[in-house]
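Participant: Provided below: protein_2.pdb, containing PDB, C-alpha atoms, pLDDT in the B column.
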```pdb
ATOM      1  CA  MET A  81     105.156 103.216 255.089  1.00 69.00           C
ATOM      2  CA  LYS A  82     106.806 100.680 252.826  1.00 79.00           C
ATOM      3  CA  SER A  83     108.271 103.418 250.645  1.00 76.00           C
ATOM      4  CA  LYS A  84     110.290 104.675 253.635  1.00 89.00           C
ATOM      5  CA  ILE A  85     112.066 101.372 254.301  1.00 95.00           C
ATOM      6  CA  ASP A  86     115.840 101.746 254.595  1.00 96.00           C
ATOM      7  CA  TYR A  87     117.495  98.687 253.040  1.00 97.00           C
ATOM      8  CA  THR A  88     121.089  99.889 253.517  1.00 97.00           C
ATOM      9  CA  LEU A  89     122.321  97.217 255.960  1.00 98.00           C
ATOM     10  CA  TYR A  90     120.091  94.164 256.049  1.00 98.00           C
ATOM     11  CA  LEU A  91     120.886  91.565 258.706  1.00 98.00           C
ATOM     12  CA  VAL A  92     119.980  87.956 257.920  1.00 98.00           C
ATOM     13  CA  THR A  93     120.159  85.762 261.015  1.00 97.00           C
ATOM     14  CA  ASP A  94     121.812  82.372 261.407  1.00 95.00           C
ATOM     15  CA  ARG A  95     121.789  80.889 264.888  1.00 93.00           C
ATOM     16  CA  ASP A  96     124.525  78.391 263.974  1.00 94.00           C
ATOM     17  CA  LEU A  97     126.948  81.249 263.327  1.00 94.00           C
ATOM     18  CA  MET A  98     126.070  83.772 266.013  1.00 94.00           C
ATOM     19  CA  SER A  99     128.766  84.722 268.492  1.00 95.00           C
ATOM     20  CA  THR A 100     126.297  85.562 271.274  1.00 96.00           C
ATOM     21  CA  LYS A 101     124.418  83.231 273.593  1.00 96.00           C
ATOM     22  CA  THR A 102     121.012  84.274 272.273  1.00 96.00           C
ATOM     23  CA  LEU A 103     119.683  85.356 268.908  1.00 97.00           C
ATOM     24  CA  GLU A 104     117.933  88.295 270.532  1.00 97.00           C
ATOM     25  CA  GLU A 105     121.261  89.609 271.810  1.00 98.00           C
ATOM     26  CA  ALA A 106     122.841  89.227 268.359  1.00 98.00           C
ATOM     27  CA  VAL A 107     119.977  91.097 266.685  1.00 98.00           C
ATOM     28  CA  GLU A 108     120.049  93.909 269.224  1.00 98.00           C
ATOM     29  CA  GLN A 109     123.820  94.356 268.861  1.00 98.00           C
ATOM     30  CA  ALA A 110     123.484  94.427 265.056  1.00 98.00           C
ATOM     31  CA  ILE A 111     120.747  97.065 265.196  1.00 98.00           C
ATOM     32  CA  MET A 112     122.807  99.163 267.620  1.00 98.00           C
ATOM     33  CA  GLY A 113     125.617  98.970 265.061  1.00 97.00           C
ATOM     34  CA  GLY A 114     123.385 100.344 262.330  1.00 97.00           C
ATOM     35  CA  CYS A 115     121.472  97.452 260.757  1.00 97.00           C
ATOM     36  CA  THR A 116     118.344  98.951 259.206  1.00 97.00           C
ATOM     37  CA  LEU A 117     116.354  95.772 258.537  1.00 98.00           C
ATOM     38  CA  VAL A 118     116.323  92.260 260.029  1.00 98.00           C
ATOM     39  CA  GLN A 119     115.370  88.974 258.395  1.00 98.00           C
ATOM     40  CA  LEU A 120     114.763  86.057 260.737  1.00 98.00           C
ATOM     41  CA  ARG A 121     115.855  82.853 259.023  1.00 97.00           C
ATOM     42  CA  GLU A 122     115.286  79.572 260.844  1.00 96.00           C
ATOM     43  CA  LYS A 123     115.690  76.738 258.349  1.00 91.00           C
ATOM     44  CA  THR A 124     115.846  73.894 260.877  1.00 93.00           C
ATOM     45  CA  ALA A 125     113.632  75.062 263.746  1.00 95.00           C
ATOM     46  CA  SER A 126     110.263  73.499 264.447  1.00 96.00           C
ATOM     47  CA  SER A 127     107.236  75.693 263.814  1.00 97.00           C
ATOM     48  CA  ARG A 128     106.767  76.205 267.551  1.00 97.00           C
ATOM     49  CA  ASP A 129     110.404  77.152 268.120  1.00 97.00           C
ATOM     50  CA  PHE A 130     110.417  79.467 265.098  1.00 98.00           C
ATOM     51  CA  TYR A 131     107.255  81.168 266.381  1.00 98.00           C
ATOM     52  CA  GLN A 132     108.617  81.638 269.893  1.00 98.00           C
ATOM     53  CA  THR A 133     111.949  82.961 268.610  1.00 98.00           C
ATOM     54  CA  ALA A 134     110.151  85.318 266.243  1.00 98.00           C
ATOM     55  CA  ILE A 135     108.114  86.812 269.099  1.00 98.00           C
ATOM     56  CA  LYS A 136     111.299  87.517 271.079  1.00 98.00           C
ATOM     57  CA  VAL A 137     113.122  89.013 268.096  1.00 98.00           C
ATOM     58  CA  LYS A 138     110.112  91.149 267.155  1.00 98.00           C
ATOM     59  CA  ALA A 139     110.078  92.674 270.643  1.00 98.00           C
ATOM     60  CA  ILE A 140     113.597  93.933 269.955  1.00 98.00           C
ATOM     61  CA  THR A 141     113.021  95.140 266.394  1.00 98.00           C
ATOM     62  CA  ASP A 142     109.833  96.909 267.519  1.00 98.00           C
ATOM     63  CA  ASN A 143     111.742  98.607 270.321  1.00 98.00           C
ATOM     64  CA  TYR A 144     114.250 100.028 267.818  1.00 98.00           C
ATOM     65  CA  LYS A 145     111.594 100.623 265.135  1.00 97.00           C
ATOM     66  CA  VAL A 146     113.424  98.366 262.668  1.00 98.00           C
ATOM     67  CA  PRO A 147     111.304  96.253 260.289  1.00 98.00           C
ATOM     68  CA  LEU A 148     111.314  92.474 260.810  1.00 98.00           C
ATOM     69  CA  ILE A 149     111.092  90.188 257.799  1.00 98.00           C
ATOM     70  CA  ILE A 150     110.444  86.456 258.144  1.00 98.00           C
ATOM     71  CA  ASN A 151     112.250  84.121 255.773  1.00 98.00           C
ATOM     72  CA  ASP A 152     109.979  81.750 253.846  1.00 97.00           C
ATOM     73  CA  ARG A 153     107.327  81.143 256.529  1.00 97.00           C
ATOM     74  CA  VAL A 154     104.258  83.196 255.664  1.00 98.00           C
ATOM     75  CA  ASP A 155     102.340  81.595 258.550  1.00 98.00           C
ATOM     76  CA  ILE A 156     104.913  82.690 261.131  1.00 98.00           C
ATOM     77  CA  ALA A 157     105.000  86.210 259.688  1.00 98.00           C
ATOM     78  CA  LEU A 158     101.241  86.556 259.986  1.00 98.00           C
ATOM     79  CA  ALA A 159     101.117  84.889 263.397  1.00 98.00           C
ATOM     80  CA  ILE A 160     103.493  87.404 264.992  1.00 98.00           C
ATOM     81  CA  GLY A 161     102.506  90.440 262.906  1.00 98.00           C
ATOM     82  CA  ALA A 162     105.898  90.761 261.204  1.00 98.00           C
ATOM     83  CA  ASP A 163     106.518  93.578 258.728  1.00 98.00           C
ATOM     84  CA  GLY A 164     107.018  91.208 255.831  1.00 98.00           C
ATOM     85  CA  VAL A 165     108.177  87.958 254.262  1.00 98.00           C
ATOM     86  CA  HIS A 166     111.125  87.014 252.072  1.00 98.00           C
ATOM     87  CA  VAL A 167     110.788  84.074 249.690  1.00 98.00           C
ATOM     88  CA  GLY A 168     113.167  82.280 247.361  1.00 96.00           C
ATOM     89  CA  GLN A 169     112.508  80.642 244.015  1.00 94.00           C
ATOM     90  CA  SER A 170     111.713  77.278 245.648  1.00 94.00           C
ATOM     91  CA  ASP A 171     109.259  78.733 248.178  1.00 95.00           C
ATOM     92  CA  LEU A 172     105.620  79.725 247.605  1.00 96.00           C
ATOM     93  CA  PRO A 173     105.267  81.855 244.436  1.00 97.00           C
ATOM     94  CA  ALA A 174     105.548  85.587 245.066  1.00 98.00           C
ATOM     95  CA  ALA A 175     102.093  86.300 243.605  1.00 98.00           C
ATOM     96  CA  VAL A 176     100.529  83.799 246.011  1.00 98.00           C
ATOM     97  CA  VAL A 177     102.416  85.222 248.982  1.00 98.00           C
ATOM     98  CA  ARG A 178     101.262  88.733 248.065  1.00 98.00           C
ATOM     99  CA  LYS A 179      97.630  87.571 248.089  1.00 98.00           C
ATOM    100  CA  ILE A 180      98.082  85.969 251.515  1.00 98.00           C
ATOM    101  CA  ILE A 181      99.923  88.830 253.250  1.00 98.00           C
ATOM    102  CA  GLY A 182      98.002  91.678 251.624  1.00 97.00           C
ATOM    103  CA  LYS A 183      99.315  94.902 250.158  1.00 96.00           C
ATOM    104  CA  ASP A 184     100.631  96.516 253.334  1.00 96.00           C
ATOM    105  CA  ARG A 185     103.336  94.015 254.283  1.00 98.00           C
ATOM    106  CA  ILE A 186     106.784  93.925 252.675  1.00 98.00           C
ATOM    107  CA  LEU A 187     107.467  91.154 250.174  1.00 98.00           C
ATOM    108  CA  GLY A 188     111.061  90.358 249.267  1.00 98.00           C
ATOM    109  CA  VAL A 189     111.975  87.863 246.567  1.00 98.00           C
ATOM    110  CA  SER A 190     115.318  86.249 245.724  1.00 97.00           C
ATOM    111  CA  ALA A 191     116.316  86.413 242.067  1.00 97.00           C
ATOM    112  CA  GLY A 192     119.438  85.303 240.272  1.00 96.00           C
ATOM    113  CA  SER A 193     118.542  86.471 236.782  1.00 97.00           C
ATOM    114  CA  VAL A 194     117.027  89.467 235.036  1.00 98.00           C
ATOM    115  CA  GLU A 195     113.988  87.416 234.029  1.00 98.00           C
ATOM    116  CA  LYS A 196     113.295  86.262 237.600  1.00 98.00           C
ATOM    117  CA  ALA A 197     113.717  89.810 238.907  1.00 98.00           C
ATOM    118  CA  ILE A 198     111.238  91.228 236.397  1.00 98.00           C
ATOM    119  CA  GLU A 199     108.813  88.410 237.216  1.00 98.00           C
ATOM    120  CA  ALA A 200     109.149  89.086 240.952  1.00 98.00           C
ATOM    121  CA  GLN A 201     108.381  92.772 240.463  1.00 98.00           C
ATOM    122  CA  ARG A 202     105.350  91.918 238.337  1.00 98.00           C
ATOM    123  CA  ASP A 203     104.137  89.483 241.011  1.00 98.00           C
ATOM    124  CA  GLY A 204     104.176  92.144 243.726  1.00 98.00           C
ATOM    125  CA  ALA A 205     107.654  92.144 245.241  1.00 98.00           C
ATOM    126  CA  ASP A 206     108.704  95.278 247.132  1.00 98.00           C
ATOM    127  CA  TYR A 207     112.394  94.497 246.764  1.00 98.00           C
ATOM    128  CA  ILE A 208     114.657  91.962 245.052  1.00 98.00           C
ATOM    129  CA  GLY A 209     117.467  90.073 246.782  1.00 98.00           C
ATOM    130  CA  VAL A 210     120.145  89.395 244.155  1.00 97.00           C
ATOM    131  CA  GLY A 211     122.851  86.807 244.746  1.00 94.00           C
ATOM    132  CA  ALA A 212     124.954  85.045 245.559  1.00 93.00           C
ATOM    133  CA  LEU A 213     127.301  87.882 244.590  1.00 95.00           C
ATOM    134  CA  PHE A 214     130.267  86.192 246.267  1.00 93.00           C
ATOM    135  CA  SER A 215     130.878  82.618 247.391  1.00 83.00           C
ATOM    136  CA  THR A 216     129.067  81.906 250.640  1.00 72.00           C
ATOM    137  CA  SER A 217     129.159  79.159 253.235  1.00 68.00           C
ATOM    138  CA  THR A 218     125.704  80.021 254.633  1.00 62.00           C
ATOM    139  CA  LYS A 219     123.909  78.830 251.524  1.00 62.00           C
ATOM    140  CA  ILE A 220     125.758  75.980 249.863  1.00 59.00           C
ATOM    141  CA  ASP A 221     123.341  75.641 246.933  1.00 61.00           C
ATOM    142  CA  ALA A 222     123.404  79.342 246.033  1.00 64.00           C
ATOM    143  CA  LYS A 223     124.406  79.942 242.406  1.00 79.00           C
ATOM    144  CA  SER A 224     126.704  82.885 241.794  1.00 91.00           C
ATOM    145  CA  VAL A 225     125.429  86.014 240.079  1.00 95.00           C
ATOM    146  CA  SER A 226     127.823  88.202 238.103  1.00 93.00           C
ATOM    147  CA  LYS A 227     128.206  91.928 238.641  1.00 92.00           C
ATOM    148  CA  GLU A 228     126.973  92.392 235.054  1.00 95.00           C
ATOM    149  CA  THR A 229     123.730  90.576 235.866  1.00 96.00           C
ATOM    150  CA  LEU A 230     123.335  92.638 239.025  1.00 97.00           C
ATOM    151  CA  MET A 231     123.709  95.874 237.056  1.00 96.00           C
ATOM    152  CA  LYS A 232     121.240  94.684 234.427  1.00 97.00           C
ATOM    153  CA  ILE A 233     118.673  93.831 237.116  1.00 98.00           C
ATOM    154  CA  ILE A 234     119.075  97.317 238.617  1.00 97.00           C
ATOM    155  CA  GLU A 235     118.378  98.762 235.156  1.00 97.00           C
ATOM    156  CA  GLU A 236     115.341  96.598 234.484  1.00 98.00           C
ATOM    157  CA  VAL A 237     113.382  96.884 237.741  1.00 98.00           C
ATOM    158  CA  SER A 238     112.011  99.950 239.486  1.00 97.00           C
ATOM    159  CA  ILE A 239     111.963  98.485 243.013  1.00 98.00           C
ATOM    160  CA  PRO A 240     114.903  98.368 245.458  1.00 97.00           C
ATOM    161  CA  VAL A 241     117.667  95.823 244.792  1.00 98.00           C
ATOM    162  CA  ILE A 242     119.613  94.265 247.669  1.00 98.00           C
ATOM    163  CA  GLY A 243     122.892  92.410 247.200  1.00 97.00           C
ATOM    164  CA  ILE A 244     123.324  89.147 249.103  1.00 96.00           C
ATOM    165  CA  GLY A 245     125.723  86.239 249.325  1.00 94.00           C
ATOM    166  CA  GLY A 246     129.175  86.183 250.858  1.00 94.00           C
ATOM    167  CA  ILE A 247     129.329  89.948 251.410  1.00 96.00           C
ATOM    168  CA  ASN A 248     131.986  90.837 253.966  1.00 96.00           C
ATOM    169  CA  ALA A 249     134.383  93.564 255.091  1.00 95.00           C
ATOM    170  CA  GLN A 250     136.816  92.666 252.297  1.00 95.00           C
ATOM    171  CA  ASN A 251     134.458  92.788 249.314  1.00 95.00           C
ATOM    172  CA  ALA A 252     131.617  95.155 250.306  1.00 95.00           C
ATOM    173  CA  VAL A 253     133.508  98.098 248.823  1.00 94.00           C
ATOM    174  CA  GLN A 254     133.041  96.535 245.364  1.00 94.00           C
ATOM    175  CA  LEU A 255     129.301  97.164 245.694  1.00 95.00           C
ATOM    176  CA  ARG A 256     129.572 100.771 246.816  1.00 92.00           C
ATOM    177  CA  ASN A 257     128.796 102.480 243.510  1.00 88.00           C
ATOM    178  CA  THR A 258     126.674  99.847 241.781  1.00 93.00           C
ATOM    179  CA  GLY A 259     123.381 101.565 242.529  1.00 94.00           C
ATOM    180  CA  ILE A 260     122.043  98.833 244.814  1.00 97.00           C
ATOM    181  CA  ASN A 261     119.874  99.984 247.699  1.00 97.00           C
ATOM    182  CA  GLY A 262     121.539  97.836 250.319  1.00 97.00           C
ATOM    183  CA  ILE A 263     123.537  94.775 251.274  1.00 98.00           C
ATOM    184  CA  ALA A 264     122.260  91.705 253.110  1.00 98.00           C
ATOM    185  CA  VAL A 265     124.870  90.315 255.477  1.00 97.00           C
ATOM    186  CA  VAL A 266     125.010  87.151 257.564  1.00 96.00           C
ATOM    187  CA  SER A 267     128.344  85.933 258.960  1.00 96.00           C
ATOM    188  CA  ALA A 268     130.250  89.204 258.450  1.00 96.00           C
ATOM    189  CA  ILE A 269     128.098  90.622 261.232  1.00 97.00           C
ATOM    190  CA  ILE A 270     126.443  87.899 263.280  1.00 97.00           C
ATOM    191  CA  ALA A 271     129.480  85.590 263.545  1.00 97.00           C
ATOM    192  CA  GLN A 272     131.873  88.317 264.638  1.00 97.00           C
ATOM    193  CA  LYS A 273     133.013  88.678 268.225  1.00 97.00           C
ATOM    194  CA  ASP A 274     131.901  92.327 268.315  1.00 98.00           C
ATOM    195  CA  ILE A 275     128.633  92.362 266.345  1.00 98.00           C
ATOM    196  CA  LYS A 276     127.912  96.053 266.897  1.00 97.00           C
ATOM    197  CA  LEU A 277     131.356  97.132 265.698  1.00 97.00           C
ATOM    198  CA  SER A 278     131.166  94.785 262.704  1.00 97.00           C
ATOM    199  CA  ALA A 279     127.860  96.333 261.617  1.00 97.00           C
ATOM    200  CA  GLU A 280     129.353  99.821 261.953  1.00 96.00           C
ATOM    201  CA  LYS A 281     132.343  98.782 259.818  1.00 96.00           C
ATOM    202  CA  MET A 282     130.121  97.274 257.117  1.00 96.00           C
ATOM    203  CA  LEU A 283     128.178 100.534 256.872  1.00 95.00           C
ATOM    204  CA  GLU A 284     131.387 102.483 256.574  1.00 94.00           C
ATOM    205  CA  ILE A 285     132.879 100.163 253.918  1.00 94.00           C
ATOM    206  CA  PHE A 286     129.692 100.007 251.877  1.00 93.00           C
ATOM    207  CA  GLY A 287     129.524 103.787 251.964  1.00 85.00           C
ATOM    208  CA  LYS A 288     126.070 104.549 253.310  1.00 70.00           C
ATOM    209  CA  LYS A 289     126.379 108.228 252.448  1.00 44.00           C
ATOM    210  CA  SER A 290     126.769 107.424 248.749  1.00 37.00           C
ATOM    211  CA  LEU A 291     123.270 105.906 248.730  1.00 38.00           C
ATOM    212  CA  LYS A 292     121.469 109.073 249.749  1.00 34.00           C
TER
END
```
Please, can you express the file's structure as structure tokens?
Facilitator:
Amino acid sequence: MKSKIDYTLYLVTDRDLMSTKTLEEAVEQAIMGGCTLVQLREKTASSRDFYQTAIKVKAITDNYKVPLIINDRVDIALAIGADGVHVGQSDLPAAVVRKIIGKDRILGVSAGSVEKAIEAQRDGADYIGVGALFSTSTKIDAKSVSKETLMKIIEEVSIPVIGIGGINAQNAVQLRNTGINGIAVVSAIIAQKDIKLSAEKMLEIFGKKSLK
């Protein structure tokens, strides 16, 4: 059930940053540390490589009963039976993606303004990814979003809001009482020597209990 999705700690993968030998190992460690959702992002992989990686990662997420979201590639998501797709403002329009994936799969949409967030909800998004909240090296072209804009988006939409962009162990506490449903984290988990421990720390800093 989509309504039961726990967005608290949302891992976004980046194979260039991972501290493990394989992406599957990194994902498994992150889930063991408490990650509640995984987004597979492969911006430079060929379609074949992305597909093969996605199959391996899905075997792990299925084993732990954690939803797997595919970044951008609707075809890959459908090919492997992923739980959903996440698209940005330069990808296929959310309304089009919703038609392709149907009503049962999760659709996440990136939004950096109140207007884009409202539009995403209207077009069928299940959650909004708002950012970049802090400066980030994983997405050079990401424009920063103020805390005021984040709060306004939370007020204006009725679907879950996830914070993304440069979130780490030093700044996650700033998001604890904003009302967001979760934080999406890349390097603060996947690039750390102990991925499992880093995920546990992020949950503790963000204050998972305050979300219930």
Participant: Could you pull the residues within 9 Å of Lys273 in chain A, counting all atoms listed in the file, minus those fewer than 3 positions along the same chain, as a ChimeraX atom specification?
Facilitator: /A:98-100,269-270,277-278
Participant: Since we have the selection now, will you write its residues out, keeping C-alpha atoms, as a PDB file, keeping the file's coordinate frame?
Facilitator:
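Writing done, so here's again07.pdb:
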```
ATOM      1  CA  MET A  98     126.070  83.772 266.013  1.00 94.00           C
ATOM      2  CA  SER A  99     128.766  84.722 268.492  1.00 95.00           C
ATOM      3  CA  THR A 100     126.297  85.562 271.274  1.00 96.00           C
ATOM      4  CA  ILE A 269     128.098  90.622 261.232  1.00 97.00           C
ATOM      5  CA  ILE A 270     126.443  87.899 263.280  1.00 97.00           C
ATOM      6  CA  LEU A 277     131.356  97.132 265.698  1.00 97.00           C
ATOM      7  CA  SER A 278     131.166  94.785 262.704  1.00 97.00           C
TER       8      SER A 278
END
```
Participant: Carefully work through the PyMOL selection byres ((chain A and resi 210) around 7) for this structure and note down the residues it includes, as a short mmCIF file (atom, residue, chain, number, x, y, z; two decimals) with C-alpha atoms, keeping the file's coordinate frame.
Facilitator:
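selection_28.cif written:
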```
data_model
loop_
_atom_site.label_atom_id
_atom_site.label_comp_id
_atom_site.auth_asym_id
_atom_site.auth_seq_id
_atom_site.Cartn_x
_atom_site.Cartn_y
_atom_site.Cartn_z
CA SER A 190 115.32 86.25 245.72
CA ALA A 191 116.32 86.41 242.07
CA GLY A 192 119.44 85.30 240.27
CA ILE A 208 114.66 91.96 245.05
CA GLY A 209 117.47 90.07 246.78
CA GLY A 211 122.85 86.81 244.75
CA ALA A 212 124.95 85.04 245.56
CA LEU A 230 123.34 92.64 239.02
CA VAL A 241 117.67 95.82 244.79
CA ILE A 242 119.61 94.26 247.67
CA GLY A 243 122.89 92.41 247.20
CA ILE A 244 123.32 89.15 249.10
#
```
Participant: When you look at Lys281 in chain A with a cut-off of 10 Å (counting only C-alpha atoms), what residues show up, excluding the ones that are within fewer than 4 positions of it in the same chain? I need them as a PyMOL selection string.
Facilitator: chain A and resi 113-114+248-249+268-269+275-277+285-287
Participant: Would you write out those residues with C-alpha atoms, as an mmCIF file, in the coordinates of the input?
Facilitator:
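The new file result_11.cif reads:
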```cif
data_model
loop_
_atom_site.group_PDB
_atom_site.id
_atom_site.type_symbol
_atom_site.label_atom_id
_atom_site.label_comp_id
_atom_site.auth_asym_id
_atom_site.auth_seq_id
_atom_site.Cartn_x
_atom_site.Cartn_y
_atom_site.Cartn_z
ATOM 1 C CA GLY A 113 125.617 98.970 265.061
ATOM 2 C CA GLY A 114 123.385 100.344 262.330
ATOM 3 C CA ASN A 248 131.986 90.837 253.966
ATOM 4 C CA ALA A 249 134.383 93.564 255.091
ATOM 5 C CA ALA A 268 130.250 89.204 258.450
ATOM 6 C CA ILE A 269 128.098 90.622 261.232
ATOM 7 C CA ILE A 275 128.633 92.362 266.345
ATOM 8 C CA LYS A 276 127.912 96.053 266.897
ATOM 9 C CA LEU A 277 131.356 97.132 265.698
ATOM 10 C CA ILE A 285 132.879 100.163 253.918
ATOM 11 C CA PHE A 286 129.692 100.007 251.877
ATOM 12 C CA GLY A 287 129.524 103.787 251.964
#
```
Participant: At most 12 Å from (127.0, 101.3, 242.7), file frame, only C-alpha atoms: which residues, as a list of chain:residue names?
Facilitator: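 Those within range, by chain then number, are A:Lys227, A:Glu228, A:Leu230, A:Met231, A:Ile234, A:Glu235, A:Val241, A:Ile242, A:Gly243, A:Ala252, A:Val253, A:Gln254, A:Leu255, A:Arg256, A:Asn257, A:Thr258, A:Gly259, A:Ile260, A:Asn261, A:Gly262, A:Ile263, A:Phe286, A:Gly287, A:Lys288, A:Lys289, A:Ser290, A:Leu291, A:Lys292.
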Participant: Neighbours of Val237 in chain A within 10 Å (all atoms listed in the file; same-chain residues fewer than 5 positions away dropped), as an mmCIF file with C-alpha atoms, in the frame of the given file?
Facilitator:
```
data_model
loop_
_atom_site.group_PDB
_atom_site.id
_atom_site.type_symbol
_atom_site.label_atom_id
_atom_site.label_comp_id
_atom_site.auth_asym_id
_atom_site.auth_seq_id
_atom_site.Cartn_x
_atom_site.Cartn_y
_atom_site.Cartn_z
ATOM 1 C CA VAL A 194 117.027 89.467 235.036
ATOM 2 C CA ALA A 197 113.717 89.810 238.907
ATOM 3 C CA ILE A 198 111.238 91.228 236.397
ATOM 4 C CA GLU A 199 108.813 88.410 237.216
ATOM 5 C CA ALA A 200 109.149 89.086 240.952
ATOM 6 C CA GLN A 201 108.381 92.772 240.463
ATOM 7 C CA ARG A 202 105.350 91.918 238.337
ATOM 8 C CA TYR A 207 112.394 94.497 246.764
ATOM 9 C CA ILE A 208 114.657 91.962 245.052
ATOM 10 C CA LYS A 232 121.240 94.684 234.427
#
```
Participant: To test your reading of the syntax: which residues would the PyMOL selection byres ((chain A and resi 156-169) around 8) return for the file shown? Reply as an NGL selection string.
Facilitator: :A and (119 or 127 or 130-131 or 134-135 or 138 or 147-155 or 170-174 or 181 or 185-191)
Participant: One number please: CA of Asp86 in chain A to CA of Arg121 in chain A, in Å, one decimal.
Facilitator: 19.4 Å
Participant: Could you tell me how far CA of Glu284 in chain A sits from CA of Gln109 in chain A, in Å to one decimal place?
Facilitator: 16.6 Å
Participant: When distances are computed from all atoms listed in the file, which of A:Val225, A:Ala175, A:Val118, A:Ala110 shows the smallest separation from Gly245 in chain A?
Facilitator: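 Smallest separation from Gly245 in chain A among the options: A:Val225.
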Participant: Starting from the displayed file, determine the output of the PyMOL selection byres ((chain A and resi 267) around 9) and express the residue list as a count of residues only.
Facilitator: 17
Participant: What's the separation between CA of Ile233 in chain A and CA of Glu122 in chain A, in Å to one decimal place?
Facilitator: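 These two atoms are separated by 27.9 Å.
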Participant: Find the spatial neighbours of range 140-142 of chain A, counting all atoms listed in the file, within a cut-off of 8 Å - ignore same-chain residues fewer than 3 positions away - and output them as a PyMOL selection string.
Facilitator: chain A and resi 104+107-108+118+136-137+145-148
Participant: Let me make sure I understand: among A:Thr116, A:Thr88, A:Ser215, A:Thr124, which one has the smallest atom-to-atom distance to Asn251 in chain A if we use all atoms listed in the file?
Facilitator: A:Ser215
Participant: Please supply range 233-238 of chain A, rebuilt with all heavy atoms, as a PDB file, in the coordinates of the input.
Facilitator:
```pdb
ATOM      1  N   ILE A 233     119.885  93.904 236.293  1.00 98.00           N
ATOM      2  CA  ILE A 233     118.673  93.831 237.116  1.00 98.00           C
ATOM      3  C   ILE A 233     118.303  95.222 237.643  1.00 98.00           C
ATOM      4  O   ILE A 233     117.141  95.630 237.603  1.00 98.00           O
ATOM      5  CB  ILE A 233     118.848  92.821 238.272  1.00 98.00           C
ATOM      6  CG1 ILE A 233     118.856  91.384 237.731  1.00 98.00           C
ATOM      7  CG2 ILE A 233     117.735  92.992 239.322  1.00 98.00           C
ATOM      8  CD1 ILE A 233     119.233  90.335 238.755  1.00 98.00           C
ATOM      9  N   ILE A 234     119.313  95.958 238.108  1.00 97.00           N
ATOM     10  CA  ILE A 234     119.075  97.317 238.617  1.00 97.00           C
ATOM     11  C   ILE A 234     118.451  98.188 237.526  1.00 97.00           C
ATOM     12  O   ILE A 234     117.556  98.994 237.790  1.00 97.00           O
ATOM     13  CB  ILE A 234     120.391  97.936 239.131  1.00 97.00           C
ATOM     14  CG1 ILE A 234     120.870  97.201 240.379  1.00 97.00           C
ATOM     15  CG2 ILE A 234     120.214  99.426 239.439  1.00 97.00           C
ATOM     16  CD1 ILE A 234     122.291  97.514 240.796  1.00 97.00           C
ATOM     17  N   GLU A 235     118.915  98.000 236.297  1.00 97.00           N
ATOM     18  CA  GLU A 235     118.378  98.762 235.156  1.00 97.00           C
ATOM     19  C   GLU A 235     116.935  98.398 234.851  1.00 97.00           C
ATOM     20  O   GLU A 235     116.122  99.258 234.492  1.00 97.00           O
ATOM     21  CB  GLU A 235     119.209  98.469 233.886  1.00 97.00           C
ATOM     22  CG  GLU A 235     120.510  99.228 233.779  1.00 97.00           C
ATOM     23  CD  GLU A 235     121.270  98.822 232.523  1.00 97.00           C
ATOM     24  OE1 GLU A 235     120.612  98.455 231.524  1.00 97.00           O
ATOM     25  OE2 GLU A 235     122.504  98.863 232.535  1.00 97.00           O
ATOM     26  N   GLU A 236     116.626  97.113 234.974  1.00 98.00           N
ATOM     27  CA  GLU A 236     115.341  96.598 234.484  1.00 98.00           C
ATOM     28  C   GLU A 236     114.184  96.685 235.477  1.00 98.00           C
ATOM     29  O   GLU A 236     113.029  96.605 235.076  1.00 98.00           O
ATOM     30  CB  GLU A 236     115.500  95.138 234.031  1.00 98.00           C
ATOM     31  CG  GLU A 236     116.411  94.953 232.821  1.00 98.00           C
ATOM     32  CD  GLU A 236     115.824  95.545 231.555  1.00 98.00           C
ATOM     33  OE1 GLU A 236     114.592  95.619 231.447  1.00 98.00           O
ATOM     34  OE2 GLU A 236     116.612  95.936 230.668  1.00 98.00           O
ATOM     35  N   VAL A 237     114.483  96.807 236.764  1.00 98.00           N
ATOM     36  CA  VAL A 237     113.382  96.884 237.741  1.00 98.00           C
ATOM     37  C   VAL A 237     113.344  98.265 238.387  1.00 98.00           C
ATOM     38  O   VAL A 237     114.357  98.965 238.429  1.00 98.00           O
ATOM     39  CB  VAL A 237     113.498  95.787 238.841  1.00 98.00           C
ATOM     40  CG1 VAL A 237     113.456  94.403 238.219  1.00 98.00           C
ATOM     41  CG2 VAL A 237     114.752  95.973 239.687  1.00 98.00           C
ATOM     42  N   SER A 238     112.181  98.626 238.878  1.00 97.00           N
ATOM     43  CA  SER A 238     112.011  99.950 239.486  1.00 97.00           C
ATOM     44  C   SER A 238     111.893  99.878 241.006  1.00 97.00           C
ATOM     45  O   SER A 238     111.682 100.886 241.671  1.00 97.00           O
ATOM     46  CB  SER A 238     110.756 100.622 238.914  1.00 97.00           C
ATOM     47  OG  SER A 238     109.616  99.818 239.148  1.00 97.00           O
TER      48      SER A 238
END
```
